[in-house]
$ cat upload-v2.txt   # compact mmCIF, C-alpha atoms
# COMPACT_ATOMS: atom_id res chain seq x y z
CA MET Z 30 36.93 -260.67 -206.69
CA ASP Z 31 34.05 -263.14 -206.35
CA LEU Z 32 35.47 -266.49 -205.28
CA ASN Z 33 32.11 -268.27 -205.20
CA PHE Z 34 31.12 -270.77 -207.86
CA THR Z 35 27.95 -270.03 -209.82
CA PRO Z 36 24.80 -272.18 -209.39
CA ASP Z 37 25.54 -273.81 -212.76
CA GLU Z 38 29.08 -274.63 -211.66
CA LEU Z 39 27.83 -276.09 -208.36
CA ALA Z 40 25.34 -278.25 -210.29
CA PHE Z 41 28.16 -279.37 -212.57
CA ARG Z 42 30.25 -280.30 -209.51
CA ALA Z 43 27.38 -282.37 -208.10
CA GLU Z 44 26.99 -284.20 -211.42
CA ILE Z 45 30.70 -285.03 -211.53
CA ARG Z 46 30.70 -286.13 -207.89
CA GLN Z 47 27.81 -288.50 -208.45
CA TRP Z 48 29.33 -290.00 -211.60
CA VAL Z 49 32.71 -290.56 -209.96
CA ALA Z 50 31.06 -292.15 -206.90
CA GLU Z 51 29.22 -294.57 -209.17
CA ASN Z 52 32.10 -295.43 -211.51
CA LEU Z 53 35.38 -295.26 -209.55
CA PRO Z 54 36.33 -298.83 -208.50
CA LYS Z 55 36.40 -299.11 -204.71
CA ASP Z 56 39.63 -301.12 -204.66
CA ILE Z 57 41.40 -298.32 -206.52
CA SER Z 58 40.10 -295.53 -204.29
CA HIS Z 59 41.12 -297.58 -201.22
CA LYS Z 60 44.68 -297.74 -202.51
CA VAL Z 61 44.77 -294.02 -203.29
CA HIS Z 62 43.38 -292.92 -199.90
CA ASN Z 63 45.92 -295.12 -198.11
CA ALA Z 64 48.94 -294.44 -200.37
CA LEU Z 65 49.24 -298.07 -201.46
CA ARG Z 66 50.95 -299.22 -204.63
CA LEU Z 67 48.97 -298.70 -207.84
CA SER Z 68 49.55 -301.19 -210.63
CA LYS Z 69 49.49 -300.53 -214.36
CA ASP Z 70 46.10 -302.24 -214.42
CA ASP Z 71 44.75 -299.85 -211.77
CA LEU Z 72 45.89 -296.80 -213.69
CA GLN Z 73 44.69 -298.04 -217.05
CA ARG Z 74 41.36 -299.33 -215.70
CA TRP Z 75 40.50 -295.83 -214.52
CA ALA Z 76 41.78 -294.29 -217.76
CA LYS Z 77 39.54 -296.60 -219.80
CA ILE Z 78 36.51 -295.86 -217.59
CA LEU Z 79 37.09 -292.15 -218.21
CA GLY Z 80 37.68 -292.86 -221.90
CA LYS Z 81 34.32 -294.58 -222.34
CA LYS Z 82 32.66 -291.45 -220.96
CA GLY Z 83 34.80 -289.22 -223.19
CA TRP Z 84 36.49 -287.70 -220.15
CA HIS Z 85 40.03 -289.09 -220.36
CA GLY Z 86 40.69 -285.99 -222.44
CA TRP Z 87 38.69 -283.82 -220.06
CA ALA Z 88 40.52 -280.65 -221.15
CA TRP Z 89 40.05 -281.28 -224.87
CA PRO Z 90 37.78 -279.17 -227.09
CA LYS Z 91 34.74 -280.78 -228.69
CA GLN Z 92 36.29 -280.73 -232.16
CA PHE Z 93 38.79 -283.37 -230.99
CA GLY Z 94 36.29 -285.51 -229.09
CA GLY Z 95 36.56 -283.83 -225.71
CA PRO Z 96 33.71 -282.47 -223.56
CA GLY Z 97 34.60 -278.85 -224.35
CA TRP Z 98 34.55 -277.77 -220.72
CA ASN Z 99 35.73 -274.34 -219.68
CA ALA Z 100 38.63 -273.81 -217.29
CA VAL Z 101 36.50 -273.81 -214.14
CA GLN Z 102 34.64 -276.98 -215.14
CA ARG Z 103 37.96 -278.73 -215.77
CA HIS Z 104 39.17 -277.67 -212.33
CA LEU Z 105 36.00 -278.96 -210.66
CA PHE Z 106 36.31 -282.29 -212.48
CA GLU Z 107 39.93 -282.69 -211.34
CA GLU Z 108 39.02 -281.75 -207.76
CA GLU Z 109 36.11 -284.16 -207.48
CA CYS Z 110 38.20 -287.02 -208.91
CA ALA Z 111 41.04 -286.31 -206.47
CA LEU Z 112 38.82 -285.99 -203.39
CA ALA Z 113 37.03 -289.23 -204.26
CA GLY Z 114 40.34 -291.12 -204.36
CA ALA Z 115 40.78 -291.46 -208.11
CA PRO Z 116 44.37 -292.00 -209.23
CA ARG Z 117 46.02 -289.04 -210.89
CA VAL Z 118 45.60 -289.52 -214.63
CA VAL Z 119 48.97 -290.33 -216.21
CA PRO Z 120 49.41 -286.99 -217.98
CA PHE Z 121 51.82 -287.78 -220.81
CA GLY Z 122 49.10 -288.67 -223.31
CA PRO Z 123 45.97 -286.62 -222.57
CA VAL Z 124 47.56 -283.59 -220.88
CA MET Z 125 50.93 -283.22 -222.62
CA VAL Z 126 51.32 -284.68 -226.09
CA ALA Z 127 47.64 -284.45 -227.10
CA PRO Z 128 47.51 -280.62 -226.94
CA VAL Z 129 50.71 -280.47 -229.02
CA ILE Z 130 49.25 -282.82 -231.64
CA MET Z 131 46.04 -280.76 -231.68
CA ALA Z 132 47.88 -277.46 -232.08
CA PHE Z 133 50.77 -278.42 -234.36
CA GLY Z 134 50.18 -281.96 -235.65
CA SER Z 135 48.92 -282.89 -239.10
CA PRO Z 136 45.31 -284.07 -239.62
CA GLU Z 137 46.75 -287.57 -240.19
CA GLN Z 138 48.60 -287.47 -236.84
CA GLN Z 139 45.47 -286.25 -235.09
CA ALA Z 140 43.34 -289.02 -236.60
CA ARG Z 141 45.95 -291.66 -235.79
CA HIS Z 142 46.88 -290.79 -232.22
CA LEU Z 143 44.10 -288.85 -230.48
CA PRO Z 144 41.48 -291.66 -230.36
CA GLY Z 145 43.93 -294.05 -228.65
CA ILE Z 146 44.83 -291.38 -226.10
CA MET Z 147 41.20 -290.57 -225.34
CA SER Z 148 40.24 -294.23 -224.92
CA GLY Z 149 43.11 -294.90 -222.51
CA GLU Z 150 44.25 -297.82 -224.67
CA VAL Z 151 47.60 -296.31 -225.74
CA TRP Z 152 50.18 -295.49 -223.06
CA TRP Z 153 52.46 -292.53 -223.83
CA SER Z 154 55.83 -291.66 -222.28
CA GLN Z 155 57.80 -288.42 -222.27
CA GLY Z 156 61.30 -288.27 -223.77
CA TYR Z 157 62.68 -284.91 -222.65
CA SER Z 158 65.43 -285.19 -220.02
CA GLU Z 159 68.83 -286.64 -220.81
CA PRO Z 160 71.99 -287.14 -218.74
CA GLY Z 161 73.23 -283.55 -218.50
CA SER Z 162 70.04 -282.11 -220.03
CA GLY Z 163 67.33 -281.82 -217.42
CA SER Z 164 66.46 -278.29 -216.39
CA ASP Z 165 68.73 -277.11 -219.24
CA LEU Z 166 66.51 -278.82 -221.77
CA ALA Z 167 67.86 -276.87 -224.76
CA SER Z 168 71.11 -278.83 -224.53
CA VAL Z 169 69.56 -282.17 -225.59
CA LYS Z 170 71.93 -284.35 -227.63
CA CYS Z 171 69.73 -287.29 -228.70
CA ARG Z 172 70.10 -287.00 -232.46
CA ALA Z 173 67.69 -287.66 -235.33
CA GLU Z 174 69.25 -287.74 -238.80
CA ARG Z 175 66.96 -287.49 -241.83
CA VAL Z 176 67.61 -290.32 -244.29
CA GLY Z 177 65.09 -290.33 -247.13
CA ASP Z 178 61.59 -290.76 -245.72
CA LYS Z 179 62.70 -291.63 -242.20
CA TYR Z 180 64.82 -290.45 -239.29
CA LEU Z 181 67.59 -292.46 -237.64
CA VAL Z 182 67.50 -291.74 -233.92
CA ASN Z 183 70.50 -292.31 -231.66
CA GLY Z 184 70.95 -291.26 -228.06
CA GLN Z 185 69.50 -291.57 -224.58
CA LYS Z 186 66.65 -290.22 -222.47
CA THR Z 187 66.45 -290.56 -218.71
CA TRP Z 188 63.97 -290.22 -215.82
CA THR Z 189 61.27 -291.53 -218.18
CA THR Z 190 58.36 -291.95 -215.80
CA LEU Z 191 56.55 -295.30 -216.19
CA GLY Z 192 58.37 -295.81 -219.49
CA GLN Z 193 58.34 -299.56 -218.86
CA TYR Z 194 54.64 -299.45 -219.81
CA GLY Z 195 55.02 -297.14 -222.80
CA ASP Z 196 53.56 -297.88 -226.23
CA TRP Z 197 54.71 -294.55 -227.71
CA ILE Z 198 57.11 -291.83 -226.60
CA PHE Z 199 57.28 -288.20 -227.68
CA CYS Z 200 60.86 -286.99 -227.86
CA LEU Z 201 62.84 -283.82 -228.24
CA VAL Z 202 65.64 -284.69 -230.67
CA ARG Z 203 68.47 -282.69 -232.17
CA THR Z 204 68.18 -282.29 -235.93
CA ASP Z 205 70.61 -279.36 -236.34
CA SER Z 206 73.72 -278.35 -234.38
CA SER Z 207 74.78 -275.32 -236.42
CA GLY Z 208 72.98 -272.50 -234.59
CA LYS Z 209 71.64 -271.70 -231.13
CA PRO Z 210 70.74 -274.87 -229.21
CA GLN Z 211 67.03 -274.00 -229.20
CA THR Z 212 66.86 -273.65 -232.99
CA GLY Z 213 67.98 -277.20 -233.83
CA ILE Z 214 65.43 -279.26 -231.87
CA SER Z 215 62.54 -281.23 -233.37
CA PHE Z 216 59.52 -282.96 -231.83
CA LEU Z 217 59.27 -286.62 -232.83
CA LEU Z 218 56.72 -289.36 -232.05
CA ILE Z 219 58.38 -292.78 -231.67
CA ASP Z 220 56.83 -296.23 -231.39
CA MET Z 221 58.54 -297.81 -228.37
CA LYS Z 222 58.23 -301.26 -229.92
CA SER Z 223 60.60 -300.18 -232.71
CA PRO Z 224 63.85 -302.18 -233.06
CA GLY Z 225 66.69 -300.42 -231.27
CA VAL Z 226 64.62 -299.02 -228.38
CA THR Z 227 65.82 -300.29 -224.98
CA VAL Z 228 64.20 -299.41 -221.64
CA ARG Z 229 66.29 -299.89 -218.50
CA PRO Z 230 64.85 -299.40 -215.00
CA ILE Z 231 66.06 -296.87 -212.44
CA ILE Z 232 65.06 -297.89 -208.90
CA MET Z 233 64.16 -294.89 -206.78
CA LEU Z 234 64.84 -294.04 -203.15
CA ASP Z 235 61.55 -295.66 -202.10
CA GLY Z 236 62.48 -298.90 -203.87
CA GLU Z 237 59.93 -298.40 -206.66
CA HIS Z 238 60.49 -298.85 -210.40
CA GLU Z 239 58.90 -295.57 -211.44
CA VAL Z 240 61.49 -294.09 -213.80
CA ASN Z 241 63.72 -295.43 -216.55
CA GLU Z 242 66.53 -294.82 -218.97
CA VAL Z 243 65.57 -295.17 -222.64
CA PHE Z 244 68.22 -295.86 -225.27
CA PHE Z 245 67.87 -295.37 -229.04
CA ASP Z 246 70.27 -297.30 -231.26
CA ASN Z 247 69.69 -296.53 -234.96
CA VAL Z 248 65.94 -296.47 -234.40
CA GLU Z 249 64.09 -295.92 -237.67
CA VAL Z 250 61.23 -293.43 -237.34
CA PRO Z 251 59.01 -292.53 -240.30
CA ALA Z 252 59.38 -288.86 -241.26
CA GLU Z 253 55.59 -288.56 -241.01
CA ASN Z 254 56.03 -288.84 -237.21
CA LEU Z 255 57.64 -285.39 -237.09
CA VAL Z 256 55.23 -282.97 -235.41
CA GLY Z 257 55.09 -279.59 -237.12
CA GLU Z 258 58.25 -278.33 -238.76
CA GLU Z 259 61.79 -279.60 -238.38
CA ASN Z 260 63.87 -277.53 -235.95
CA LYS Z 261 60.76 -275.89 -234.44
CA GLY Z 262 60.47 -278.39 -231.59
CA TRP Z 263 61.53 -275.89 -228.94
CA THR Z 264 58.37 -273.89 -229.59
CA TYR Z 265 56.25 -277.00 -229.17
CA ALA Z 266 58.19 -278.04 -226.06
CA LYS Z 267 57.47 -274.71 -224.34
CA TYR Z 268 53.80 -275.06 -225.23
CA LEU Z 269 53.75 -278.51 -223.60
CA LEU Z 270 55.70 -277.47 -220.49
CA ALA Z 271 53.12 -274.79 -219.70
CA HIS Z 272 50.55 -277.61 -219.44
CA GLU Z 273 52.93 -279.81 -217.44
CA ARG Z 274 53.86 -277.27 -214.77
CA THR Z 275 50.27 -276.25 -214.16
CA ASN Z 276 49.46 -279.94 -213.79
CA ILE Z 277 52.37 -280.45 -211.39
CA ALA Z 278 50.83 -277.89 -208.98
CA ASP Z 279 48.32 -280.65 -208.18
CA VAL Z 280 46.37 -278.56 -205.68
CA ASN Z 281 43.46 -281.02 -205.69
CA ARG Z 282 45.61 -283.92 -204.52
CA ALA Z 283 47.07 -281.61 -201.86
CA LYS Z 284 43.55 -280.95 -200.52
CA ARG Z 285 42.90 -284.69 -200.32
CA GLU Z 286 46.23 -285.39 -198.61
CA LEU Z 287 45.62 -282.57 -196.12
CA GLU Z 288 42.60 -284.55 -194.91
CA ARG Z 289 44.83 -287.62 -194.64
CA VAL Z 290 47.27 -285.63 -192.49
CA LYS Z 291 44.39 -284.74 -190.18
CA ARG Z 292 43.17 -288.36 -190.00
CA ILE Z 293 46.62 -289.61 -189.08
CA ALA Z 294 47.15 -286.81 -186.55
CA LYS Z 295 43.87 -287.67 -184.84
CA ALA Z 296 44.64 -291.40 -184.84
CA GLU Z 297 48.08 -290.71 -183.33
CA ASN Z 298 46.62 -288.34 -180.69
CA VAL Z 299 48.67 -285.33 -181.79
CA TYR Z 300 45.81 -283.37 -183.41
CA ASP Z 301 45.12 -281.50 -180.18
CA ASP Z 302 48.76 -280.54 -179.71
CA THR Z 303 48.86 -276.78 -180.29
CA ARG Z 304 52.22 -276.75 -182.05
CA PHE Z 305 51.23 -279.59 -184.36
CA ARG Z 306 47.91 -277.91 -185.13
CA ASP Z 307 49.88 -274.78 -186.02
CA GLU Z 308 51.80 -276.76 -188.65
CA ILE Z 309 48.58 -278.19 -190.09
CA ALA Z 310 47.08 -274.69 -190.17
CA LYS Z 311 50.11 -273.27 -192.00
CA LEU Z 312 49.92 -276.07 -194.55
CA GLU Z 313 46.20 -275.51 -195.05
CA VAL Z 314 46.70 -271.76 -195.55
CA ASP Z 315 49.35 -272.44 -198.19
CA ILE Z 316 47.09 -274.93 -199.98
CA VAL Z 317 44.26 -272.38 -200.01
CA ALA Z 318 46.67 -269.73 -201.33
CA LEU Z 319 47.82 -272.11 -204.07
CA GLU Z 320 44.20 -272.83 -204.94
CA MET Z 321 43.47 -269.11 -205.18
CA MET Z 322 46.40 -268.71 -207.55
CA VAL Z 323 45.13 -271.57 -209.70
CA LEU Z 324 41.63 -270.04 -209.69
CA ARG Z 325 43.05 -266.67 -210.76
CA VAL Z 326 44.67 -268.36 -213.75
CA LEU Z 327 41.43 -270.19 -214.53
CA SER Z 328 39.39 -267.00 -214.15
CA ALA Z 329 41.65 -265.18 -216.60
CA GLU Z 330 41.39 -268.06 -219.05
CA LYS Z 331 37.60 -268.33 -218.69
CA SER Z 332 37.09 -264.61 -219.32
CA GLY Z 333 39.34 -264.66 -222.37
CA LYS Z 334 42.01 -262.47 -220.80
CA GLN Z 335 45.71 -263.13 -221.13
CA SER Z 336 46.48 -266.09 -218.88
CA LEU Z 337 48.78 -265.22 -216.00
CA ASP Z 338 52.34 -266.37 -216.68
CA VAL Z 339 52.80 -268.13 -213.35
CA ALA Z 340 53.29 -271.75 -214.41
CA GLY Z 341 56.72 -271.80 -212.76
CA LEU Z 342 55.34 -270.33 -209.54
CA LEU Z 343 52.56 -272.93 -209.43
CA LYS Z 344 55.16 -275.66 -209.86
CA ILE Z 345 57.34 -274.29 -207.04
CA ARG Z 346 54.57 -273.94 -204.49
CA GLY Z 347 52.78 -277.15 -205.46
CA SER Z 348 55.91 -279.29 -205.21
CA GLU Z 349 56.93 -277.82 -201.86
CA ILE Z 350 53.46 -278.43 -200.44
CA GLN Z 351 53.62 -282.10 -201.51
CA GLN Z 352 56.86 -282.51 -199.57
CA ARG Z 353 55.46 -280.76 -196.51
CA TYR Z 354 52.36 -282.90 -196.15
CA SER Z 355 54.48 -286.06 -196.40
CA GLU Z 356 56.74 -284.67 -193.67
CA LEU Z 357 53.79 -283.85 -191.41
CA MET Z 358 52.46 -287.39 -191.73
CA MET Z 359 55.85 -288.71 -190.65
CA LEU Z 360 55.95 -286.32 -187.71
CA ALA Z 361 52.44 -287.29 -186.64
CA ALA Z 362 53.31 -291.00 -186.49
CA GLY Z 363 56.68 -290.33 -184.88
CA PRO Z 364 58.97 -293.38 -184.50
CA TYR Z 365 56.29 -295.66 -186.02
CA SER Z 366 56.77 -293.91 -189.37
CA LEU Z 367 60.47 -294.71 -189.56
CA PRO Z 368 60.49 -298.41 -190.56
CA PHE Z 369 60.61 -298.64 -194.36
CA ILE Z 370 58.60 -301.74 -195.26
CA GLN Z 371 58.32 -301.86 -199.04
CA GLU Z 372 55.93 -304.84 -198.98
CA ALA Z 373 53.46 -302.78 -196.95
CA MET Z 374 52.68 -300.79 -200.09
CA GLU Z 375 50.65 -303.74 -201.38
CA ALA Z 376 46.91 -303.76 -200.62
CA GLY Z 377 46.01 -306.65 -198.32
CA TRP Z 378 49.54 -307.10 -196.96
CA GLN Z 379 49.38 -309.39 -193.92
CA GLY Z 380 52.76 -308.73 -192.33
CA ASP Z 381 53.42 -307.35 -188.87
CA TYR Z 382 52.66 -303.65 -188.62
CA VAL Z 383 54.87 -301.34 -186.63
CA GLY Z 384 52.28 -299.04 -185.14
CA ALA Z 385 48.88 -298.57 -186.79
CA ALA Z 386 48.00 -299.73 -190.31
CA HIS Z 387 48.43 -296.20 -191.70
CA CYS Z 388 52.10 -296.05 -190.64
CA PRO Z 389 54.00 -298.44 -192.98
CA PRO Z 390 53.41 -296.49 -196.25
CA LEU Z 391 54.51 -293.15 -194.76
CA ALA Z 392 58.26 -293.57 -195.27
CA SER Z 393 57.74 -294.66 -198.88
CA THR Z 394 55.61 -291.59 -199.62
CA TYR Z 395 58.15 -289.33 -197.94
CA PHE Z 396 61.05 -290.76 -199.95
CA ASN Z 397 59.12 -290.67 -203.22
CA LEU Z 398 58.14 -287.01 -202.91
CA ARG Z 399 61.75 -285.88 -202.58
CA LYS Z 400 61.60 -285.79 -206.40
CA THR Z 401 58.93 -283.10 -206.72
CA THR Z 402 61.23 -280.09 -206.39
CA ILE Z 403 63.54 -281.52 -209.06
CA TYR Z 404 61.38 -282.85 -211.89
CA GLY Z 405 59.60 -280.65 -214.43
CA GLY Z 406 62.43 -278.12 -214.13
CA SER Z 407 64.08 -277.83 -210.72
CA ASN Z 408 62.69 -275.22 -208.34
CA GLU Z 409 65.99 -273.33 -208.36
CA VAL Z 410 65.70 -272.88 -212.14
CA GLN Z 411 61.99 -272.07 -211.84
CA ARG Z 412 62.76 -269.26 -209.39
CA ASN Z 413 65.17 -267.73 -211.89
CA ILE Z 414 62.49 -267.91 -214.59
CA VAL Z 415 59.87 -266.35 -212.30
CA SER Z 416 62.24 -263.53 -211.35
CA GLN Z 417 62.94 -262.75 -215.00
CA VAL Z 418 59.52 -263.27 -216.58
CA VAL Z 419 57.10 -262.28 -213.81
CA LEU Z 420 59.07 -259.73 -211.79
CA GLY Z 421 61.03 -258.32 -214.75
$ encode --input "upload-v2.txt" --output "structure tokens"
Amino acid sequence: MDLNFTPDELAFRAEIRQWVAENLPKDISHKVHNALRLSKDDLQRWAKILGKKGWHGWAWPKQFGGPGWNAVQRHLFEEECALAGAPRVVPFGPVMVAPVIMAFGSPEQQARHLPGIMSGEVWWSQGYSEPGSGSDLASVKCRAERVGDKYLVNGQKTWTTLGQYGDWIFCLVRTDSSGKPQTGISFLLIDMKSPGVTVRPIIMLDGEHEVNEVFFDNVEVPAENLVGEENKGWTYAKYLLAHERTNIADVNRAKRELERVKRIAKAENVYDDTRFRDEIAKLEVDIVALEMMVLRVLSAEKSGKQSLDVAGLLKIRGSEIQQRYSELMMLAAGPYSLPFIQEAMEAGWQGDYVGAAHCPPLASTYFNLRKTTIYGGSNEVQRNIVSQVVLG
């Protein structure tokens, strides 16, 4: 297996690297490289910069306004953005709902929603999980009842990431309870400014308002916002989750954060400690192995072969690696990493540091990444899926 990129691919990488260097705002990359708090404006500024170039939908085909890149080109774009310190693109619009609208939506839905996603102007949220329906997504209870030319939606979604900023939300809703749970689910697009939609914050372990509960109380949704066919939403949901779990692997961010681990270890004078270097080496080997797995999937896709069904495995390894690099940063800084100073997440904070300037954000990052092995389908459930689907 040839793991080298072709001359054309290396030239493409250089082009992306130069463009990102010229267009990524320095204040945003500073925040990313130092794990400081990113505002809505930071995230949307970068999304709009990408949108003007036609790259906010970097994985989209040309027929829908995307660049039409192949799998390897998309990977190189993501890697160069991550290494340069670009924020991770909020995936709910361009990575998740857009492919569903392209594959199953009507021409009217495509014309209405895809331009706003590409431009970065319209913020999308994901309405999947509910209390009691997380990894067991087929058990969703949020109900949509057809009344004439509209649906009345009642119920609750939870863990809605950045839902406080949402303009639209795509939801799995129950439209039929008579058969198997999977056969009565529909995929609905809902304007979050509709009367009856309430967003309530959930404050996380790191003190951040990242996730929310969303309540629907007799929310009227035009029937034209149904994607595809009624009661076929489970098919569309599985299609979307394949994109989500590959995205969750986030190997490019792991490569960037590995360098941050090394910087902190050197600053804290533990880089030359043999045992600590062993831990860095083990992490680096696992990141390289994850990257090889991602490249195998991309190679299969690029050559037109059946893509490897390892989305769950990518999610498991990627999420565990994210937790490990946050732990190593804490270990490198030792006692100086323990104080949890939420205000230190702000760029330009002038308070008293405990230890070096890189220490205050470490506890927040560590606490935040406890979530990675739970969201997107918990790793315990993913292992069951891998054992059944991949191992047989």
$ residues_around --input "upload-v2.txt" --residues "Gly95 in chain Z" --least-positions-apart "6" --cutoff "7 Å" --atoms "all atoms listed in the file" --output "list in words"
Gly83, Trp84, Gly86, Trp87, Ala88 and Trp89 of chain Z
$ atom_distance --input "upload-v2.txt" --atom1 "CA of Gly236 in chain Z" --atom2 "CA of Ser164 in chain Z"
24.4 Å
$ residues_around --input "upload-v2.txt" --residues "Ala294 in chain Z" --least-positions-apart "3" --cutoff "10 Å" --atoms "all atoms listed in the file" --output "number ranges by chain"
Z: 288-291, 297-302, 305-306, 309, 357-362
$ write_last_selection --input "upload-v2.txt" --atoms "C-alpha atoms" --output "PDB file, in the coordinates of the input"
ATOM      1  CA  GLU Z 288      42.600-284.550-194.910  1.00  0.00           C
ATOM      2  CA  ARG Z 289      44.830-287.620-194.640  1.00  0.00           C
ATOM      3  CA  VAL Z 290      47.270-285.630-192.490  1.00  0.00           C
ATOM      4  CA  LYS Z 291      44.390-284.740-190.180  1.00  0.00           C
ATOM      5  CA  GLU Z 297      48.080-290.710-183.330  1.00  0.00           C
ATOM      6  CA  ASN Z 298      46.620-288.340-180.690  1.00  0.00           C
ATOM      7  CA  VAL Z 299      48.670-285.330-181.790  1.00  0.00           C
ATOM      8  CA  TYR Z 300      45.810-283.370-183.410  1.00  0.00           C
ATOM      9  CA  ASP Z 301      45.120-281.500-180.180  1.00  0.00           C
ATOM     10  CA  ASP Z 302      48.760-280.540-179.710  1.00  0.00           C
ATOM     11  CA  PHE Z 305      51.230-279.590-184.360  1.00  0.00           C
ATOM     12  CA  ARG Z 306      47.910-277.910-185.130  1.00  0.00           C
ATOM     13  CA  ILE Z 309      48.580-278.190-190.090  1.00  0.00           C
ATOM     14  CA  LEU Z 357      53.790-283.850-191.410  1.00  0.00           C
ATOM     15  CA  MET Z 358      52.460-287.390-191.730  1.00  0.00           C
ATOM     16  CA  MET Z 359      55.850-288.710-190.650  1.00  0.00           C
ATOM     17  CA  LEU Z 360      55.950-286.320-187.710  1.00  0.00           C
ATOM     18  CA  ALA Z 361      52.440-287.290-186.640  1.00  0.00           C
ATOM     19  CA  ALA Z 362      53.310-291.000-186.490  1.00  0.00           C
TER      20      ALA Z 362
END
$ closest_residue --input "upload-v2.txt" --among "Z:Phe244, Z:Phe121, Z:Phe216, Z:Tyr265" --to "Gly195 in chain Z" --atoms "all atoms listed in the file"
Z:Phe121
$ atom_distance --input "upload-v2.txt" --atom1 "CA of Leu255 in chain Z" --atom2 "CA of Arg203 in chain Z"
12.2 Å
